[in-house]
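Take a look at the structure below.
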Amino acid sequence: MTPALAQAGPSTMPGAGLMLVLLSAALTDNILLTRFLGMCPFLSVSRQIKSAFGMGLAVLFVTTGTCVLNYWLYVYLLRPLAAYGVPAESLKLILFIIVIAAFVQLMEMLIERISITLYYSLGIFLPLITVNCAILGASLFMVNNVTSKGFGLWRVLTYGFGSGLGWFVAIMLMAGIRRRLKNARIPPALEGAGITLIITGIMAMAFVIFQGMIKI
Amino acid sequence: MSVLLPILLSSAAACGLTVILAAALLVVEKLLVNRGTCVVDVNDGERKLEVTGGRSVLTTLTDEGIFIPSACGGRGTCSYCKLEMTAGAGPLSPTEMPLLTAEEIERGLRISCQVKVRNDLAVTIPAELLSVREYRGVVERIRDLTGDIKELRIRLVEPEAIDFTAGQYIQLRAPAYGDNPDPVYRAYSISSPPSARDGIELIVRLVPGGICTTWIFTMLTEGDEVVFNGPYGEFRLSEAGGPMIWIAGGSGMAPFWSMVRHMKQTGHARPCTYFFGAVRERDLFFTDELKALARELPWFSYVPALSGPAESNGWTGETGLITEVVDRHVREAGDLEAYLCGSPGMIAAAAAVLHAKGIGEQRMYYDKFE
């Protein structure tokens with residue numbers, strides 16, 4: 001780790017290796033199942049495994065990228081500015097969203113170039129990643145970790161990747177379950193979003209059990 | 001100062017970041033979206049266009065001088081710009097799905113404003129659209145035909161001549177003005193005969209609140225330059241030689257005013273009765289000219305009809321709704337063909353009367369105002 005990080009908080013995180021950060025971000029602190037962030041695309045794109053896979057990858061990629069960009073933004077712009085009385089805590093919300101929006105634009109162009117089929121199957125949800133709260137959430141939690149636990153670049157990268165991975169895992173699980181649900185007899189009133197939310201709740205309870213195992 | 005500094009710094013940070021990111025995106029877009037040169041094959045090798053990729057098929061074709069009708073301006077709502085694409089169009093996009101029927105998808109039809117040129121592709125363009133092009137002209141004359149109908153004569157500047165079939169229409173461009181931020185195109189039938197190749201005439205009725213007609217009625221003056229493209233349309237006389245009736249109202253006069261003069265000039269004698277509906281006598285126009293034609297041409301007769309209250313100034317012609325007049329005049333269907341031009345309401349009502357008389361759908365031709 002970087003020296004700055006070692007100074008910042010060795011005592012608060014005994015033995016917090018990168019692996020631990022990854023596992024906690026992806027499993028015990030699963031951004032979707034423990035915080036219920038990023039629900040909108042989770043509910044709508046989990047109907048088909050193929051598009052869930054694409055959406056999951058897109059979120060994974062954007063979360064990782066924006067976490068790192070926003071980390072630099074926070075450390076090299078917002079924190080120095082705070083010394084001049086700039087309200088860094090409020091300003092970070094605006095700046096982070098701008099970074100995310102630009103990053104999503106970039107990714108939209110990339111995906112359109114690489115796979116037009118994936119581009120169409122993601123449809124409107126690709127630009128909507130911009131307002132996927134899981135992504136902004138990951139960046140904001142990342143800042144908390146930087147201030148309270150002294151995360152450095154590598155751990156921020158791992159944290160962002162882990163958060164995205166957690167979202168990816170959750171939507172893939174849901175897509176798998178929903179494929180099996182197609183042949184299940186569901187009460188008409190619960191079809192669609194209803195049964196999906198109930199299943200999400202049950203999955204969330206399962207993930208909460210992990211919580212005692214790892215703590216960063 | 002101490003209050004101002006953080007505000008200034010915050011604004012500077014947000015604005016600076018936005019500018020930097022926008023610049024970065026523009027650079028990436030240049031690198032990624034520019035797909036270099038693609039070849040668009042029109043009608044199986046009839047024309048091969050070398051174009052720069054990355055834009056919609058519709059825009060690309062327009063820039064190459066091939067005009068595909070489009071009413072919504074490439075927003076993907078009107079579906080007029082449907083084209084058959086035989087290769088290279090890529091998968092169907094979600095924005096095209098609602099505009100195409102299963103059978104059209106099967107035939108390979110696509111909405112050309114929603115398909116981007118990403119690689120070489122092949123399209124089939126109907127022959128009459130290939131002769132469509134953009135014309136510049138000068139308004140030579142504007143005159144009132146009735147209180148709310150004007151006749152426009154446009155003399156062509158570039159190119160200097162136009163070829164069309166009587167009954168076809170053009171799309172006139174109304175420039176951006178007032179609350180209308182973008183130029184819009186509106187369709188008008190050509191009312192002059194095809195023999196007058198150096199210009200066109202249009203008959204325009206004022207639509208309250210209409211972007212293009214308001215522009216024509218309040219801003220356009222003689223000597224102004226205008227732009228239009230065309231000709232378009234399948235509304236034309238059939239190959240059959242049997243008797244026919246024409247039914248029109250208001251500016252629906254235009255295609256028939258072109259057709260009757262074209263038939264006279266080419267000596268195309270074919271029994272024809274022209275029913276023209278209006279409310280009051282002052283809503284009629286070209287009455288003297290058409291009556292003169294009817295006297296001169298044995299095969300042509302003109303039946304103007306007024307639906308409004310009979311006025312005291314001695315109207316001796318037909319009265320009642322145009323549908324009632326047609327009902328009285330048309331005895332039996334036989335091999336009669338019917339040509340209808342006017343508002344959708346009038347066309348639907350007249351078509352119902354004609355159906356009842358036994359004129360099949362295949363012998364009726366429509367030019368509806370949308």
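Going by the structure tokens order, chains are called A, B, ..., each with residues numbered from 1, while ligands are numbered from 1 in the order shown.
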Give me, as a PyMOL selection string, the contact residues of chain A against chain B at a cut-off of 12 Å, counting only C-alpha atoms. chain A and resi 69-70+73-74+76-124
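For B:Gly242, the list of residues within 10 Å, based on only C-alpha atoms and with local chain neighbours fewer than 3 positions off taken out, reads Ser238, Glu239, Arg270, Pro271, Cys272, Gly334, Asp335, Leu336 and Glu337 of chain B.
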List every residue of stretch 37-90 of chain A that DSSP, applied to the backbone of this structure, assigns to alpha helix (DSSP H), and report them as a PDB file with N, CA and C atoms, in the first residue's frame.
```pdb
ATOM      1  N   MET A  39     -32.041  -0.078  -8.247  1.00  0.00           N
ATOM      2  CA  MET A  39     -33.158  -1.006  -8.399  1.00  0.00           C
ATOM      3  C   MET A  39     -33.813  -0.946  -9.782  1.00  0.00           C
ATOM      4  N   CYS A  40     -33.855   0.263 -10.363  1.00  0.00           N
ATOM      5  CA  CYS A  40     -34.641   0.426 -11.586  1.00  0.00           C
ATOM      6  C   CYS A  40     -34.149  -0.466 -12.719  1.00  0.00           C
ATOM      7  N   PRO A  41     -32.864  -0.383 -13.090  1.00  0.00           N
ATOM      8  CA  PRO A  41     -32.409  -1.299 -14.142  1.00  0.00           C
ATOM      9  C   PRO A  41     -32.415  -2.753 -13.666  1.00  0.00           C
ATOM     10  N   PHE A  42     -32.219  -2.951 -12.374  1.00  0.00           N
ATOM     11  CA  PHE A  42     -32.226  -4.315 -11.830  1.00  0.00           C
ATOM     12  C   PHE A  42     -33.572  -4.984 -12.098  1.00  0.00           C
ATOM     13  N   LEU A  43     -34.659  -4.234 -11.912  1.00  0.00           N
ATOM     14  CA  LEU A  43     -35.986  -4.814 -12.123  1.00  0.00           C
ATOM     15  C   LEU A  43     -36.291  -4.985 -13.606  1.00  0.00           C
ATOM     16  N   SER A  44     -35.869  -4.011 -14.416  1.00  0.00           N
ATOM     17  CA  SER A  44     -36.323  -4.056 -15.811  1.00  0.00           C
ATOM     18  C   SER A  44     -35.427  -4.886 -16.717  1.00  0.00           C
ATOM     19  N   VAL A  45     -34.142  -4.962 -16.450  1.00  0.00           N
ATOM     20  CA  VAL A  45     -33.249  -5.643 -17.390  1.00  0.00           C
ATOM     21  C   VAL A  45     -32.958  -7.079 -16.969  1.00  0.00           C
ATOM     22  N   ILE A  49     -31.213 -13.279 -19.490  1.00  0.00           N
ATOM     23  CA  ILE A  49     -29.857 -13.431 -18.990  1.00  0.00           C
ATOM     24  C   ILE A  49     -28.883 -12.636 -19.843  1.00  0.00           C
ATOM     25  N   LYS A  50     -29.121 -12.637 -21.148  1.00  0.00           N
ATOM     26  CA  LYS A  50     -28.170 -11.983 -22.045  1.00  0.00           C
ATOM     27  C   LYS A  50     -28.100 -10.475 -21.775  1.00  0.00           C
ATOM     28  N   SER A  51     -29.262  -9.830 -21.690  1.00  0.00           N
ATOM     29  CA  SER A  51     -29.187  -8.383 -21.458  1.00  0.00           C
ATOM     30  C   SER A  51     -28.768  -8.088 -20.030  1.00  0.00           C
ATOM     31  N   ALA A  52     -29.136  -8.968 -19.079  1.00  0.00           N
ATOM     32  CA  ALA A  52     -28.674  -8.763 -17.701  1.00  0.00           C
ATOM     33  C   ALA A  52     -27.156  -8.810 -17.655  1.00  0.00           C
ATOM     34  N   PHE A  53     -26.589  -9.722 -18.418  1.00  0.00           N
ATOM     35  CA  PHE A  53     -25.136  -9.847 -18.466  1.00  0.00           C
ATOM     36  C   PHE A  53     -24.514  -8.563 -18.998  1.00  0.00           C
ATOM     37  N   GLY A  54     -25.091  -8.045 -20.095  1.00  0.00           N
ATOM     38  CA  GLY A  54     -24.570  -6.811 -20.688  1.00  0.00           C
ATOM     39  C   GLY A  54     -24.690  -5.638 -19.740  1.00  0.00           C
ATOM     40  N   MET A  55     -25.876  -5.528 -19.132  1.00  0.00           N
ATOM     41  CA  MET A  55     -26.111  -4.419 -18.205  1.00  0.00           C
ATOM     42  C   MET A  55     -25.171  -4.526 -17.011  1.00  0.00           C
ATOM     43  N   GLY A  56     -25.037  -5.751 -16.501  1.00  0.00           N
ATOM     44  CA  GLY A  56     -24.154  -5.970 -15.357  1.00  0.00           C
ATOM     45  C   GLY A  56     -22.728  -5.569 -15.678  1.00  0.00           C
ATOM     46  N   LEU A  57     -22.261  -5.992 -16.858  1.00  0.00           N
ATOM     47  CA  LEU A  57     -20.903  -5.635 -17.254  1.00  0.00           C
ATOM     48  C   LEU A  57     -20.757  -4.121 -17.375  1.00  0.00           C
ATOM     49  N   ALA A  58     -21.791  -3.483 -17.964  1.00  0.00           N
ATOM     50  CA  ALA A  58     -21.732  -2.037 -18.142  1.00  0.00           C
ATOM     51  C   ALA A  58     -21.616  -1.348 -16.787  1.00  0.00           C
ATOM     52  N   VAL A  59     -22.448  -1.777 -15.831  1.00  0.00           N
ATOM     53  CA  VAL A  59     -22.405  -1.167 -14.491  1.00  0.00           C
ATOM     54  C   VAL A  59     -21.055  -1.439 -13.826  1.00  0.00           C
ATOM     55  N   LEU A  60     -20.574  -2.669 -13.968  1.00  0.00           N
ATOM     56  CA  LEU A  60     -19.281  -3.040 -13.385  1.00  0.00           C
ATOM     57  C   LEU A  60     -18.188  -2.115 -13.907  1.00  0.00           C
ATOM     58  N   PHE A  61     -18.183  -1.937 -15.212  1.00  0.00           N
ATOM     59  CA  PHE A  61     -17.166  -1.121 -15.851  1.00  0.00           C
ATOM     60  C   PHE A  61     -17.281   0.349 -15.413  1.00  0.00           C
ATOM     61  N   VAL A  62     -18.504   0.863 -15.438  1.00  0.00           N
ATOM     62  CA  VAL A  62     -18.700   2.273 -15.094  1.00  0.00           C
ATOM     63  C   VAL A  62     -18.385   2.520 -13.623  1.00  0.00           C
ATOM     64  N   THR A  63     -18.810   1.613 -12.754  1.00  0.00           N
ATOM     65  CA  THR A  63     -18.549   1.800 -11.316  1.00  0.00           C
ATOM     66  C   THR A  63     -17.049   1.834 -11.049  1.00  0.00           C
ATOM     67  N   THR A  64     -16.326   0.889 -11.626  1.00  0.00           N
ATOM     68  CA  THR A  64     -14.879   0.852 -11.413  1.00  0.00           C
ATOM     69  C   THR A  64     -14.232   2.136 -11.918  1.00  0.00           C
ATOM     70  N   GLY A  65     -14.566   2.485 -13.158  1.00  0.00           N
ATOM     71  CA  GLY A  65     -13.948   3.669 -13.767  1.00  0.00           C
ATOM     72  C   GLY A  65     -14.275   4.939 -13.012  1.00  0.00           C
ATOM     73  N   THR A  66     -15.560   5.124 -12.678  1.00  0.00           N
ATOM     74  CA  THR A  66     -15.941   6.392 -12.048  1.00  0.00           C
ATOM     75  C   THR A  66     -15.422   6.476 -10.616  1.00  0.00           C
ATOM     76  N   CYS A  67     -15.309   5.327  -9.937  1.00  0.00           N
ATOM     77  CA  CYS A  67     -14.773   5.362  -8.572  1.00  0.00           C
ATOM     78  C   CYS A  67     -13.354   5.911  -8.593  1.00  0.00           C
ATOM     79  N   VAL A  68     -12.548   5.442  -9.531  1.00  0.00           N
ATOM     80  CA  VAL A  68     -11.161   5.897  -9.597  1.00  0.00           C
ATOM     81  C   VAL A  68     -11.099   7.368  -9.992  1.00  0.00           C
ATOM     82  N   LEU A  69     -11.870   7.745 -11.028  1.00  0.00           N
ATOM     83  CA  LEU A  69     -11.867   9.146 -11.468  1.00  0.00           C
ATOM     84  C   LEU A  69     -12.320  10.061 -10.332  1.00  0.00           C
ATOM     85  N   ASN A  70     -13.390   9.647  -9.662  1.00  0.00           N
ATOM     86  CA  ASN A  70     -13.923  10.488  -8.588  1.00  0.00           C
ATOM     87  C   ASN A  70     -12.977  10.529  -7.386  1.00  0.00           C
ATOM     88  N   TYR A  71     -12.206   9.450  -7.193  1.00  0.00           N
ATOM     89  CA  TYR A  71     -11.197   9.455  -6.127  1.00  0.00           C
ATOM     90  C   TYR A  71     -10.166  10.540  -6.401  1.00  0.00           C
ATOM     91  N   TRP A  72      -9.672  10.559  -7.657  1.00  0.00           N
ATOM     92  CA  TRP A  72      -8.706  11.602  -8.009  1.00  0.00           C
ATOM     93  C   TRP A  72      -9.320  12.993  -7.853  1.00  0.00           C
ATOM     94  N   LEU A  73     -10.544  13.108  -8.315  1.00  0.00           N
ATOM     95  CA  LEU A  73     -11.234  14.388  -8.228  1.00  0.00           C
ATOM     96  C   LEU A  73     -11.318  14.841  -6.771  1.00  0.00           C
ATOM     97  N   ARG A  79     -10.532  18.213  -1.955  1.00  0.00           N
ATOM     98  CA  ARG A  79      -9.916  18.387  -0.630  1.00  0.00           C
ATOM     99  C   ARG A  79      -9.071  19.646  -0.551  1.00  0.00           C
ATOM    100  N   PRO A  80      -8.208  19.911  -1.578  1.00  0.00           N
ATOM    101  CA  PRO A  80      -7.474  21.184  -1.541  1.00  0.00           C
ATOM    102  C   PRO A  80      -8.408  22.387  -1.535  1.00  0.00           C
ATOM    103  N   LEU A  81      -9.508  22.305  -2.306  1.00  0.00           N
ATOM    104  CA  LEU A  81     -10.428  23.438  -2.360  1.00  0.00           C
ATOM    105  C   LEU A  81     -11.105  23.672  -1.016  1.00  0.00           C
ATOM    106  N   ALA A  82     -11.300  22.603  -0.261  1.00  0.00           N
ATOM    107  CA  ALA A  82     -11.988  22.722   1.024  1.00  0.00           C
ATOM    108  C   ALA A  82     -11.244  23.679   1.956  1.00  0.00           C
ATOM    109  N   ALA A  88     -16.928  21.032   0.123  1.00  0.00           N
ATOM    110  CA  ALA A  88     -16.549  19.860  -0.673  1.00  0.00           C
ATOM    111  C   ALA A  88     -17.617  18.774  -0.613  1.00  0.00           C
ATOM    112  N   GLU A  89     -18.238  18.643   0.562  1.00  0.00           N
ATOM    113  CA  GLU A  89     -19.204  17.543   0.725  1.00  0.00           C
ATOM    114  C   GLU A  89     -20.416  17.716  -0.175  1.00  0.00           C
ATOM    115  N   SER A  90     -20.861  18.978  -0.386  1.00  0.00           N
ATOM    116  CA  SER A  90     -22.001  19.195  -1.271  1.00  0.00           C
ATOM    117  C   SER A  90     -21.555  19.195  -2.724  1.00  0.00           C
TER     118      SER A  90
END
```
Counting only C-alpha atoms, what is within 10 Å of A:Val146, bar same-chain residues fewer than 3 positions away, as a PyMOL selection string? chain A and resi 5+8-9+71+74-75+140-143+149-153+155-156
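Atom pair atom CA of A:Val208 / atom CA of A:Ala134: separated by 17.8 Å.
Closest approach to A:Arg180 from the set A:Gln48, A:Thr200, A:Asn144, A:Ala206 is made by A:Gln48, with distances taken over only C-alpha atoms.
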Polymer residues at most 12 Å from stretch 278-291 of chain B, only C-alpha atoms, same-chain spacing of 4 or more positions, as a PyMOL selection string: chain B and resi 143-151+191+203+205+247-254+256-258+260-261+264+273-274+295-298+300-323+325+342+346
Polymer residues at most 10 Å from stretch 20-33 of chain A, only C-alpha atoms, same-chain spacing of 5 or more positions, as a PyMOL selection string: chain A and resi 15+38-39+42+133-135+137-138+141+151+155-171+200-216
Residues flagged strand (DSSP E) by DSSP in stretch 6-82 of chain B, as a ChimeraX atom specification: /B:37-42,47-52,82
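Nearest residue to B:Val40, choosing from B:Gly76, B:Gly53, B:Gly210, B:Gly199 and counting only C-alpha atoms: B:Gly53.
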So which residues touch B:Met219 within 12 Å, counting only C-alpha atoms, skipping near sequence neighbours fewer than 6 positions away, as a count of residues only? 9
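With distances taken over only C-alpha atoms, B:Val123 is the one residue among B:Val138, B:Val123, B:Cys78, B:Leu31 lying closest to B:Arg47.
Atom CA of B:Arg186 is positioned 14.8 Å from atom CA of B:Glu201.
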